[in-house]
Structure formats: C-alpha cells, structure tokens
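So this block is model25.cif, mmCIF, C-alpha atoms:
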data_work
loop_
_atom_site.label_atom_id
_atom_site.label_comp_id
_atom_site.auth_asym_id
_atom_site.auth_seq_id
_atom_site.Cartn_x
_atom_site.Cartn_y
_atom_site.Cartn_z
CA MET A 1 0.00 0.00 0.00
CA ALA A 2 2.85 2.31 0.89
CA SER A 3 4.41 1.91 -2.56
CA VAL A 4 1.06 2.61 -4.25
CA ASP A 5 0.73 5.72 -2.12
CA ALA A 6 4.23 6.87 -3.10
CA GLN A 7 3.53 6.16 -6.77
CA ILE A 8 0.28 8.11 -6.68
CA LYS A 9 1.99 11.05 -5.03
CA ARG A 10 4.88 11.00 -7.49
CA GLY A 11 2.60 10.55 -10.51
CA SER A 12 0.20 13.29 -9.48
CA ALA A 13 3.05 15.71 -8.75
CA GLU A 14 4.63 15.04 -12.13
CA LEU A 15 1.30 15.54 -13.89
CA ALA A 16 0.66 18.79 -12.03
CA VAL A 17 4.08 20.18 -12.95
CA LEU A 18 3.88 19.09 -16.58
CA ALA A 19 0.35 20.51 -16.94
CA LEU A 20 1.55 23.82 -15.55
CA LEU A 21 4.55 23.92 -17.85
CA ALA A 22 2.31 23.12 -20.82
CA GLU A 23 0.94 26.65 -20.49
CA HIS A 24 4.20 28.57 -20.12
CA SER A 25 7.83 28.36 -18.99
CA LEU A 26 8.34 28.84 -15.27
CA HIS A 27 11.18 28.70 -12.78
CA GLY A 28 11.14 26.50 -9.69
CA TYR A 29 9.74 29.02 -7.24
CA GLU A 30 6.92 30.02 -9.62
CA ILE A 31 6.02 26.37 -10.18
CA ALA A 32 5.76 25.75 -6.43
CA LYS A 33 3.69 28.89 -5.82
CA GLN A 34 1.35 28.40 -8.77
CA ILE A 35 0.58 24.80 -7.86
CA GLU A 36 -0.06 25.80 -4.27
CA ALA A 37 -2.32 28.66 -5.37
CA GLN A 38 -4.23 26.69 -8.01
CA THR A 39 -4.91 23.77 -5.68
CA GLY A 40 -5.86 25.96 -2.76
CA GLY A 41 -2.85 24.73 -0.81
CA VAL A 42 -3.78 21.04 -1.11
CA LEU A 43 -0.67 20.32 -3.18
CA ARG A 44 2.50 21.86 -1.81
CA PHE A 45 6.10 21.30 -2.74
CA ASP A 46 9.05 21.80 -0.48
CA MET A 47 12.44 22.29 -2.10
CA GLY A 48 13.44 18.70 -1.33
CA SER A 49 10.54 17.38 -3.42
CA LEU A 50 10.33 19.96 -6.18
CA TYR A 51 13.87 20.25 -7.48
CA PRO A 52 14.80 16.56 -7.54
CA MET A 53 11.54 16.00 -9.44
CA LEU A 54 12.27 18.79 -11.93
CA HIS A 55 15.73 17.34 -12.51
CA ARG A 56 14.18 13.90 -13.00
CA LEU A 57 11.78 15.29 -15.60
CA GLU A 58 14.71 17.01 -17.27
CA ARG A 59 16.68 13.77 -17.35
CA LYS A 60 13.72 12.06 -18.99
CA SER A 61 13.75 14.91 -21.56
CA TRP A 62 10.15 15.82 -20.74
CA VAL A 63 11.22 19.32 -19.79
CA LYS A 64 14.15 21.47 -20.80
CA ALA A 65 15.76 23.96 -18.48
CA GLU A 66 17.73 27.06 -19.35
CA TRP A 67 19.07 30.00 -17.43
CA GLN A 68 17.54 33.37 -18.24
CA THR A 69 18.54 36.79 -16.99
CA LEU A 70 15.63 38.87 -15.77
CA PRO A 71 15.39 42.63 -16.35
CA ASN A 72 16.57 43.17 -12.75
CA GLY A 73 19.76 41.25 -13.56
CA ARG A 74 18.87 38.13 -11.60
CA ARG A 75 19.30 34.73 -13.13
CA ARG A 76 16.56 32.14 -12.98
CA ARG A 77 16.44 28.62 -14.35
CA TYR A 78 13.30 28.33 -16.46
CA TYR A 79 11.70 25.00 -17.29
CA ARG A 80 9.66 24.44 -20.42
CA LEU A 81 7.86 21.42 -21.79
CA THR A 82 9.48 19.54 -24.68
CA ALA A 83 7.70 17.70 -27.50
CA SER A 84 8.34 14.46 -25.67
CA GLY A 85 6.88 16.05 -22.51
CA ARG A 86 3.72 16.97 -24.44
CA LYS A 87 3.27 13.37 -25.53
CA GLN A 88 3.87 12.23 -21.98
CA ILE A 89 1.32 14.60 -20.52
CA ALA A 90 -1.34 13.25 -22.87
CA GLN A 91 -0.55 9.71 -21.71
CA LEU A 92 -0.54 10.71 -18.05
CA ARG A 93 -3.88 12.46 -18.41
CA ALA A 94 -5.40 9.36 -20.01
CA GLN A 95 -3.99 7.15 -17.24
CA TRP A 96 -5.30 9.41 -14.50
CA ARG A 97 -8.70 9.69 -16.15
CA ALA A 98 -8.94 5.89 -16.30
CA PHE A 99 -7.78 5.65 -12.71
CA PHE A 100 -10.37 8.12 -11.42
CA GLN A 101 -13.16 6.53 -13.46
CA ALA A 102 -12.26 3.14 -12.02
CA LEU A 103 -12.14 4.55 -8.51
CA GLU A 104 -15.41 6.40 -9.00
CA SER A 105 -17.18 3.24 -10.17
CA VAL A 106 -16.30 1.60 -6.86
CA THR A 107 -16.42 4.41 -4.34
CA ARG A 108 -19.05 6.75 -5.87
CA PHE A 109 -17.15 9.57 -4.24
CA GLN A 110 -18.68 12.19 -6.54
CA ASN A 111 -22.10 11.46 -5.04
CA ALA A 112 -20.79 11.48 -1.49
CA MET B 1 19.37 41.33 0.83
CA PRO B 2 21.27 38.37 2.33
CA ASP B 3 23.74 36.58 0.09
CA TRP B 4 21.69 33.44 -0.48
CA LYS B 5 24.32 31.73 -2.60
CA GLN B 6 26.76 32.02 0.26
CA ILE B 7 24.14 30.76 2.72
CA VAL B 8 23.32 27.74 0.57
CA ARG B 9 27.03 26.98 0.17
CA ARG B 10 27.50 27.15 3.94
CA ASN B 11 24.45 25.05 4.79
CA LEU B 12 24.63 22.48 2.01
CA PRO B 13 28.34 22.01 1.30
CA ILE B 14 27.84 18.57 -0.29
CA LEU B 15 25.50 19.98 -2.94
CA THR B 16 27.83 22.89 -3.54
CA VAL B 17 30.72 20.56 -4.30
CA TYR B 18 28.58 18.22 -6.33
CA SER B 19 26.51 20.65 -8.37
CA PRO B 20 27.24 24.41 -8.30
CA GLU B 21 24.38 24.94 -10.76
CA PHE B 22 21.88 23.36 -8.40
CA THR B 23 23.24 25.55 -5.58
CA GLU B 24 22.55 28.64 -7.67
CA GLU B 25 19.04 27.43 -8.43
CA LEU B 26 18.30 26.87 -4.75
CA ALA B 27 19.72 30.29 -3.90
CA ALA B 28 17.39 31.86 -6.48
CA HIS B 29 14.42 30.03 -4.92
CA LEU B 30 15.35 31.29 -1.45
CA GLU B 31 15.79 34.81 -2.77
CA ASP B 32 12.24 34.75 -4.19
CA SER B 33 10.94 33.14 -1.03
CA TYR B 34 12.56 35.83 1.13
CA GLU B 35 11.15 38.63 -0.98
CA ALA B 36 7.68 37.07 -0.89
CA ALA B 37 7.84 36.91 2.91
CA LEU B 38 8.89 40.56 3.04
CA GLY B 39 6.07 41.41 0.65
CA GLN B 40 3.59 39.74 3.01
CA GLY B 41 4.65 42.14 5.74
CA SER B 42 7.17 40.03 7.68
CA SER B 43 10.10 41.82 9.27
CA ALA B 44 13.51 41.25 7.70
CA GLU B 45 14.53 39.00 10.57
CA ALA B 46 11.31 36.95 10.45
CA ALA B 47 11.52 36.63 6.67
CA PHE B 48 15.13 35.51 6.94
CA GLN B 49 14.34 32.89 9.59
CA GLN B 50 11.35 31.62 7.61
CA THR B 51 13.41 31.35 4.44
CA ILE B 52 16.54 29.81 5.87
CA GLY B 53 14.34 27.23 7.64
CA GLN B 54 13.88 25.62 4.21
CA ILE B 55 17.51 24.50 4.09
CA GLU B 56 18.42 24.20 7.74
CA GLY B 57 18.34 21.16 10.01
CA ARG B 58 16.04 18.36 8.95
CA CYS B 59 14.92 20.20 5.81
CA GLY B 60 18.53 20.55 4.69
CA VAL B 61 19.29 16.89 5.33
CA TRP B 62 16.09 15.87 3.51
CA LEU B 63 17.00 18.07 0.55
CA VAL B 64 20.50 16.61 0.24
CA MET B 65 19.23 13.05 0.67
CA ARG B 66 16.51 13.49 -1.97
CA PHE B 67 18.93 15.06 -4.42
CA LEU B 68 21.54 12.31 -3.97
CA GLN B 69 18.84 9.62 -4.12
CA GLU B 70 17.56 10.97 -7.42
CA GLU B 71 21.07 11.22 -8.79
CA LEU B 72 21.90 7.68 -7.74
CA MET B 73 18.66 5.89 -8.57
CA ALA B 74 17.90 7.38 -12.00
CA GLY B 75 19.00 4.69 -14.46
CA PHE B 76 20.46 2.68 -11.58
CA ILE B 77 20.88 -0.55 -13.53
CA ARG B 78 22.83 1.00 -16.41
CA GLY B 79 24.60 3.66 -14.38
CA VAL B 80 25.55 1.77 -11.22
CA ALA B 81 24.61 -1.91 -11.10
CA LEU B 82 26.13 -3.14 -14.38
CA PRO B 83 29.34 -1.07 -14.12
CA GLY B 84 29.54 -2.07 -10.44
CA LEU B 85 29.34 -5.71 -11.45
CA LEU B 86 32.19 -5.14 -13.88
CA THR B 87 34.26 -3.60 -11.07
CA SER B 88 33.44 -6.56 -8.83
CA ALA B 89 34.20 -9.12 -11.52
CA ALA B 90 37.55 -7.50 -12.30
CA ALA B 91 38.44 -7.34 -8.59
CA CYS B 92 37.52 -11.02 -8.11
CA PHE B 93 39.44 -11.96 -11.24
CA PHE B 94 42.63 -10.25 -10.05
CA TYR B 95 42.25 -11.75 -6.58
CA ARG B 96 41.98 -15.26 -8.02
CA VAL B 97 44.86 -14.75 -10.46
CA LEU B 98 47.10 -13.61 -7.63
CA GLU B 99 46.09 -16.64 -5.61
CA LEU B 100 46.69 -19.05 -8.50
CA ASP B 101 50.06 -17.56 -9.28
CA HIS B 102 51.09 -17.80 -5.63
CA ILE B 103 51.73 -14.08 -5.51
CA GLN B 104 49.27 -13.82 -2.67
CA HIS B 105 51.98 -14.60 -0.12
CA LYS B 106 53.39 -11.15 -0.85
CA VAL B 107 51.15 -9.49 1.64
CA ILE B 108 51.68 -7.03 4.42
CA TRP B 109 51.10 -8.01 7.99
CA LEU B 110 48.96 -5.80 10.09
CA LEU B 111 47.10 -6.31 13.35
CA GLY B 112 48.09 -9.98 13.36
CA GLY B 113 46.61 -10.71 9.93
CA GLN B 114 47.61 -10.53 6.28
CA LEU B 115 46.42 -7.94 3.85
CA PRO B 116 46.63 -8.36 0.06
CA LEU B 117 49.01 -5.60 -1.00
CA TRP B 118 49.28 -6.63 -4.67
CA TRP B 119 45.57 -6.89 -5.01
CA TRP B 120 45.18 -3.36 -3.74
CA CYS B 121 47.62 -2.16 -6.38
CA LEU B 122 45.43 -3.64 -9.14
CA LEU B 123 42.17 -2.22 -7.80
CA PRO B 124 42.51 1.19 -9.49
CA ILE B 125 42.11 -0.67 -12.80
CA CYS B 126 38.84 -2.20 -11.56
CA GLY B 127 37.56 1.14 -10.29
CA ALA B 128 38.48 2.80 -13.58
CA LEU B 129 36.66 0.08 -15.58
CA GLY B 130 33.48 0.55 -13.55
CA ALA B 131 33.61 4.34 -13.81
CA LEU B 132 34.24 4.24 -17.55
CA LEU B 133 31.37 1.85 -18.22
CA SER B 134 29.09 3.98 -16.06
CA ARG B 135 30.12 7.08 -18.03
CA ARG B 136 29.51 5.25 -21.28
CA ASN B 137 26.02 4.34 -20.04
CA GLY B 138 25.30 7.97 -19.23
CA GLY B 139 25.86 7.66 -15.47
CA SER B 140 26.08 10.84 -13.41
CA ARG B 141 29.24 11.66 -11.44
CA LEU B 142 27.73 10.19 -8.29
CA GLN B 143 26.80 7.03 -10.18
CA ARG B 144 30.34 6.70 -11.54
CA ILE B 145 31.70 6.93 -8.01
CA ALA B 146 29.12 4.43 -6.77
CA ALA B 147 29.94 2.02 -9.62
CA SER B 148 33.64 2.07 -8.77
CA LEU B 149 32.87 1.51 -5.09
CA LEU B 150 30.19 -1.15 -5.47
CA PRO B 151 32.37 -4.14 -4.42
CA SER B 152 33.46 -2.31 -1.28
CA TRP B 153 29.87 -1.38 -0.51
CA VAL B 154 28.70 -4.94 -0.86
CA LYS B 155 31.61 -6.33 1.13
CA GLY B 156 31.20 -3.68 3.82
CA THR B 157 27.50 -4.42 4.18
CA PHE B 158 28.19 -8.14 4.26
CA ILE B 159 30.85 -7.77 6.95
CA LEU B 160 28.61 -5.53 9.00
CA LEU B 161 25.78 -8.05 8.75
CA MET B 162 28.14 -10.90 9.64
CA PHE B 163 29.31 -8.94 12.64
CA VAL B 164 25.81 -8.13 13.83
CA VAL B 165 24.66 -11.72 13.36
CA GLY B 166 27.82 -13.09 14.99
CA PHE B 167 27.52 -10.69 17.86
CA THR B 168 23.87 -11.51 18.40
CA LEU B 169 24.50 -15.24 18.24
CA SER B 170 27.46 -15.03 20.58
CA GLY B 171 25.32 -13.05 23.00
CA LEU B 172 22.72 -15.80 22.87
CA VAL B 173 25.19 -18.61 23.49
CA ASN B 174 27.13 -16.48 25.97
CA ASP B 175 30.48 -17.23 24.28
CA TYR B 176 32.79 -14.34 25.05
CA GLN B 177 35.63 -15.75 23.01
CA LEU B 178 33.50 -15.59 19.88
CA VAL B 179 32.63 -11.98 20.62
CA SER B 180 36.28 -11.19 21.07
CA THR B 181 37.14 -12.91 17.78
CA ARG B 182 34.43 -10.98 15.99
CA LEU B 183 35.68 -7.69 17.38
CA GLU B 184 39.23 -8.57 16.38
CA SER B 185 38.18 -9.45 12.84
CA LEU B 186 36.24 -6.22 12.62
CA GLY B 187 39.47 -4.37 13.30
CA LEU B 188 41.29 -6.13 10.45
CA VAL B 189 38.80 -7.01 7.75
CA PRO B 190 37.06 -3.66 7.06
CA PRO B 191 40.30 -1.75 6.48
CA GLY B 192 41.87 -4.55 4.44
CA PHE B 193 38.91 -5.55 2.33
CA VAL B 194 36.60 -2.54 2.39
CA ILE B 195 38.11 0.83 3.22
CA ILE B 196 41.54 0.56 1.58
CA PRO B 197 40.17 -1.21 -1.54
CA ALA B 198 37.52 1.51 -1.74
CA ALA B 199 40.24 4.16 -1.69
CA PHE B 200 42.22 2.38 -4.43
CA SER B 201 39.10 1.87 -6.58
CA LEU B 202 38.20 5.50 -6.15
CA LEU B 203 41.72 6.47 -7.17
CA GLY B 204 41.23 4.51 -10.40
CA ALA B 205 37.86 6.14 -11.00
CA GLY B 206 39.45 9.55 -10.46
CA ILE B 207 42.25 8.81 -12.92
CA ALA B 208 39.69 7.58 -15.48
CA GLU B 209 37.65 10.75 -14.98
CA VAL B 210 40.63 13.07 -15.47
CA SER B 211 41.94 11.07 -18.44
CA THR B 212 38.54 11.07 -20.15
CA LYS B 213 38.21 14.82 -19.75
CA LYS B 214 41.72 15.41 -21.11
CA PHE B 215 41.12 13.02 -23.98
CA ARG B 216 37.86 14.78 -24.88
CA ARG B 217 39.55 18.17 -24.73
CA LEU B 218 42.28 16.97 -27.05
CA ALA B 219 39.76 15.37 -29.41
#
Turn the structure described in the file into structure tokens.
Amino acid sequence: MASVDAQIKRGSAELAVLALLAEHSLHGYEIAKQIEAQTGGVLRFDMGSLYPMLHRLERKSWVKAEWQTLPNGRRRRYYRLTASGRKQIAQLRAQWRAFFQALESVTRFQNA
Amino acid sequence: MPDWKQIVRRNLPILTVYSPEFTEELAAHLEDSYEAALGQGSSAEAAFQQTIGQIEGRCGVWLVMRFLQEELMAGFIRGVALPGLLTSAAACFFYRVLELDHIQHKVIWLLGGQLPLWWWCLLPICGALGALLSRRNGGSRLQRIAASLLPSWVKGTFILLMFVVGFTLSGLVNDYQLVSTRLESLGLVPPGFVIIPAAFSLLGAGIAEVSTKKFRRLA
C-alpha cells in the first residue's frame, strides 16, 4: 500500500508540474507557488521534493531547463515542456482519467 | 538582501561541491521566497528565519538526501549496477589470479593478519573500468563513483551483517571468546577488504575521470 501511495503522489506531482509547464515556462519558485495557489494549498512542494523532481523530468527529456537573466539582472532557471513532454502529458492524463473513473465506479465519491 | 548563494554553500556544502548549478538554483528560490515573505509584511529577521528554515536542520538533510537519491537511482541498472558488477568481476578476477600464481603470499602483515598488497595495487584498474562503463552508459558523477565503489559497498554491508549476526549469536550462546574474535576481525577485515580497496578503486575512478576529460579536450 505504501508503494502505491508513493507512486500516486509522485505521478500526481509530475502531472501537475507538466500541466503547468504546458501553459508557459516557469522557474522552480513560480512552479511551487502556482501549484499551491491553483490547488488551494492542497498540493504543496518543499524544495526537497520539487527540485529533484524537476531534474528527473529534465533527465527524462520531458522538460528542458535554461538560465535566463531577468530585467533586474537576476538569473533564474526556467523549465519548459518539450515535445516528448507533451506526448507524456497526454498519456498521463489518459492514465489518471482511467484511474479516477475506475475509482469512482467503486467508491461513488462524486455522489458522497 | 542576504547573500543566499553564500548561505546555501554554507548550509549544504555537499551539494555545492557536487553541483554548483543546483546551488545557484536553490539560492534563487530562497531569494524569491525571502522577498515574498517581506512582501507579506514580515520583518527582515522573520523573513530571513522563515526562508533559511527551508535548508536548515532536517529540511537541509532531507534536501541533500533526496537530491543524492535521485542522482543515484535514475537509471540505476545502467549507471551503477552493471558497471559495479564489472568492477566486482575485475576485482575477483585479479584476486583469483594472484592466488593461483602464488603471488598472494606477498602481503603485508597488520594487526596480526595478512592484507593483500598486490591486489590493492590492481584495484585502481577495476575502479576505472566501472567508472568508464558507467560514463559510457550515461551515469552521473555520483553514479560513476558508486559504480567504482560497489564491491566495497557490498563487502562492507556483508561484513557488517556478519558482525551483527555473529555478535547476536554469541550473545545468545554467551560465548565471550567468539565476541572477542568478531571484534578482532572487525578491526582487520574492514580496512583490508573494504576501506583501503575503496580508496584504491576511487583512485582509479578519479584517474579515469581526469583522463577522459583530457582526452575529450584533445579530441
């Protein structure tokens, strides 16, 4: 059960980050804040979860990172979705949809 | 504005050595975090404490552990396990050859036991082989180090387990001589077959790393 729990957490976090990056390039802090804001604080990333995950996504070539200098002279590492990442997000969405439909058919949580 | 790069370097020295780029990225995150806290009306001191809390103590340890875990486990089979097996196989091969050729008697005596000096001298080759295969398979720097150290890891874990089991058993049968023997062997075996071999393997991995870089620069 513990491994399923870990897999769900990891999978949902990856989907959330990829979905966010599908809209526009963001740096780590913006990703964390936007996910927190959009989920009403239900999903939160600390640095120990966020950056290793971003680097994992980068290693899988689903996202590409590059340093950009902001107008105030600060450097930030922006992540953007790659073509391979776009394919992946479609697959992940389909998997999650199937997962929730299966869960819903058993638990009827939408009627609860 | 505090110098967040300096603070990250001071608090997470392992990450700084391993990945300066990651250090800069974390510093940028803390900078934004600090400014956001100030923007929400926190005092400079409160904002600083809130921000630095993200890399201090348990959070810092967690961050380093997660980073190293990701680095090590991504592509573990190709980056660590297979090259590590090559290192182990080469180390075993040399050990057997030395035994067959009766060179093994050329050992040094330490703490009342014999340590395989010639074998140690050949271990840099094994470490270099593991590191090179790991590099070829796209292993990260940490994975290359792990691949060259795999035999020592395995042996170290095995010895530790043997010791714990032996100690527990001897406690059960109340045999103090066995405990004493175990303690004595723990003094000799880990340096001879774990720590020193690890150092020699690592030396080989280091030489392979430097040579590869020089070779690439020349090419």
Write out as a PDB file with C-alpha atoms, in the coordinates of the input every residue belonging to chain A that has an atom at most 9 Å from any atom of chain B, counting all atoms listed in the file.
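See out.pdb below for the written result:
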ATOM      1  CA  HIS A  27      11.180  28.700 -12.780  1.00  0.00           C
ATOM      2  CA  GLY A  28      11.140  26.500  -9.690  1.00  0.00           C
ATOM      3  CA  TYR A  29       9.740  29.020  -7.240  1.00  0.00           C
ATOM      4  CA  GLU A  30       6.920  30.020  -9.620  1.00  0.00           C
ATOM      5  CA  ASP A  46       9.050  21.800  -0.480  1.00  0.00           C
ATOM      6  CA  MET A  47      12.440  22.290  -2.100  1.00  0.00           C
ATOM      7  CA  GLY A  48      13.440  18.700  -1.330  1.00  0.00           C
ATOM      8  CA  SER A  49      10.540  17.380  -3.420  1.00  0.00           C
ATOM      9  CA  TYR A  51      13.870  20.250  -7.480  1.00  0.00           C
ATOM     10  CA  PRO A  52      14.800  16.560  -7.540  1.00  0.00           C
ATOM     11  CA  MET A  53      11.540  16.000  -9.440  1.00  0.00           C
ATOM     12  CA  HIS A  55      15.730  17.340 -12.510  1.00  0.00           C
ATOM     13  CA  ARG A  56      14.180  13.900 -13.000  1.00  0.00           C
ATOM     14  CA  ARG A  59      16.680  13.770 -17.350  1.00  0.00           C
ATOM     15  CA  ARG A  74      18.870  38.130 -11.600  1.00  0.00           C
ATOM     16  CA  ARG A  75      19.300  34.730 -13.130  1.00  0.00           C
ATOM     17  CA  ARG A  76      16.560  32.140 -12.980  1.00  0.00           C
ATOM     18  CA  ARG A  77      16.440  28.620 -14.350  1.00  0.00           C
TER      19      ARG A  77
END
For this session: Taking the file as shown, find all residues satisfying the PyMOL selection byres ((chain B and resi 152) around 10) and write them as a ChimeraX atom specification.
Result: /B:84,87-88,146,148-151,153-158,190,193-199,201
For this session: Could you jot down the CA of Lys5 in chain B to CA of Ser19 in chain B separation for me, Å, one decimal place?
Result: 12.7 Å
For this session: Name the residues captured by the PyMOL selection byres ((chain B and resi 127) around 6) when it is applied to the shown file; answer as a count of residues only.
Result: 11
Seminar exercise, completed: Residue with the minimum atom-to-atom distance to Gly11 in chain A, picked from A:Ala83, A:Ala37, A:Leu26, A:Leu57 with all atoms listed in the file counted, is A:Leu57
Problem set entry | Atom-to-atom span, CA of Glu35 in chain B and CA of Leu54 in chain A, Å | 22.7 Å
N, CA and C atoms restored at range 37-72 of chain B, emitted as a compact mmCIF listing (two decimals), in the frame of the given file:
# COMPACT_ATOMS: atom_id res chain seq x y z
N ALA B 37 8.13 36.76 1.47
CA ALA B 37 7.84 36.91 2.91
C ALA B 37 7.87 38.38 3.31
N LEU B 38 8.83 39.12 2.77
CA LEU B 38 8.89 40.56 3.04
C LEU B 38 7.65 41.26 2.50
N GLY B 39 7.25 40.82 1.30
CA GLY B 39 6.07 41.41 0.65
C GLY B 39 4.79 41.15 1.43
N GLN B 40 4.79 40.06 2.21
CA GLN B 40 3.59 39.74 3.01
C GLN B 40 3.60 40.48 4.35
N GLY B 41 4.62 41.30 4.53
CA GLY B 41 4.65 42.14 5.74
C GLY B 41 5.53 41.63 6.86
N SER B 42 6.28 40.52 6.62
CA SER B 42 7.17 40.03 7.68
C SER B 42 8.35 40.98 7.85
N SER B 43 8.89 41.02 9.05
CA SER B 43 10.10 41.82 9.27
C SER B 43 11.27 41.11 8.58
N ALA B 44 12.36 41.85 8.38
CA ALA B 44 13.51 41.25 7.70
C ALA B 44 14.01 40.03 8.45
N GLU B 45 14.04 40.11 9.76
CA GLU B 45 14.53 39.00 10.57
C GLU B 45 13.61 37.78 10.45
N ALA B 46 12.29 38.05 10.55
CA ALA B 46 11.31 36.95 10.45
C ALA B 46 11.36 36.32 9.07
N ALA B 47 11.46 37.15 8.04
CA ALA B 47 11.52 36.63 6.67
C ALA B 47 12.78 35.79 6.48
N PHE B 48 13.88 36.25 7.06
CA PHE B 48 15.13 35.51 6.94
C PHE B 48 15.01 34.15 7.62
N GLN B 49 14.47 34.15 8.85
CA GLN B 49 14.34 32.89 9.59
C GLN B 49 13.40 31.92 8.86
N GLN B 50 12.32 32.46 8.32
CA GLN B 50 11.35 31.62 7.61
C GLN B 50 12.00 31.02 6.36
N THR B 51 12.80 31.82 5.69
CA THR B 51 13.41 31.35 4.44
C THR B 51 14.53 30.36 4.69
N ILE B 52 15.39 30.69 5.63
CA ILE B 52 16.54 29.81 5.87
C ILE B 52 16.09 28.46 6.46
N GLY B 53 14.89 28.48 7.09
CA GLY B 53 14.34 27.23 7.64
C GLY B 53 14.16 26.16 6.57
N GLN B 54 14.09 26.59 5.32
CA GLN B 54 13.88 25.62 4.21
C GLN B 54 15.13 24.80 3.90
N ILE B 55 16.28 25.27 4.38
CA ILE B 55 17.51 24.50 4.09
C ILE B 55 18.30 24.17 5.35
N GLU B 56 17.71 24.48 6.50
CA GLU B 56 18.42 24.20 7.74
C GLU B 56 17.90 22.92 8.38
N GLY B 57 18.74 22.31 9.20
CA GLY B 57 18.34 21.16 10.01
C GLY B 57 17.79 20.02 9.17
N ARG B 58 16.63 19.52 9.61
CA ARG B 58 16.04 18.36 8.95
C ARG B 58 15.73 18.63 7.49
N CYS B 59 15.26 19.86 7.20
CA CYS B 59 14.92 20.20 5.81
C CYS B 59 16.16 20.11 4.92
N GLY B 60 17.29 20.60 5.44
CA GLY B 60 18.53 20.55 4.69
C GLY B 60 18.98 19.12 4.43
N VAL B 61 18.90 18.30 5.48
CA VAL B 61 19.29 16.89 5.33
C VAL B 61 18.39 16.20 4.32
N TRP B 62 17.07 16.46 4.42
CA TRP B 62 16.09 15.87 3.51
C TRP B 62 16.39 16.27 2.07
N LEU B 63 16.71 17.55 1.89
CA LEU B 63 17.00 18.07 0.55
C LEU B 63 18.22 17.37 -0.06
N VAL B 64 19.28 17.26 0.75
CA VAL B 64 20.50 16.61 0.24
C VAL B 64 20.23 15.14 -0.05
N MET B 65 19.52 14.48 0.86
CA MET B 65 19.23 13.05 0.67
C MET B 65 18.40 12.82 -0.60
N ARG B 66 17.38 13.65 -0.80
CA ARG B 66 16.51 13.49 -1.97
C ARG B 66 17.30 13.72 -3.26
N PHE B 67 18.15 14.74 -3.23
CA PHE B 67 18.93 15.06 -4.42
C PHE B 67 19.87 13.89 -4.76
N LEU B 68 20.59 13.40 -3.73
CA LEU B 68 21.54 12.31 -3.97
C LEU B 68 20.81 11.03 -4.39
N GLN B 69 19.63 10.81 -3.77
CA GLN B 69 18.84 9.62 -4.12
C GLN B 69 18.43 9.67 -5.59
N GLU B 70 17.95 10.82 -6.03
CA GLU B 70 17.56 10.97 -7.42
C GLU B 70 18.75 10.74 -8.35
N GLU B 71 19.87 11.34 -7.96
CA GLU B 71 21.07 11.22 -8.79
C GLU B 71 21.52 9.78 -8.91
N LEU B 72 21.40 9.06 -7.78
CA LEU B 72 21.90 7.68 -7.74
C LEU B 72 20.93 6.70 -8.39
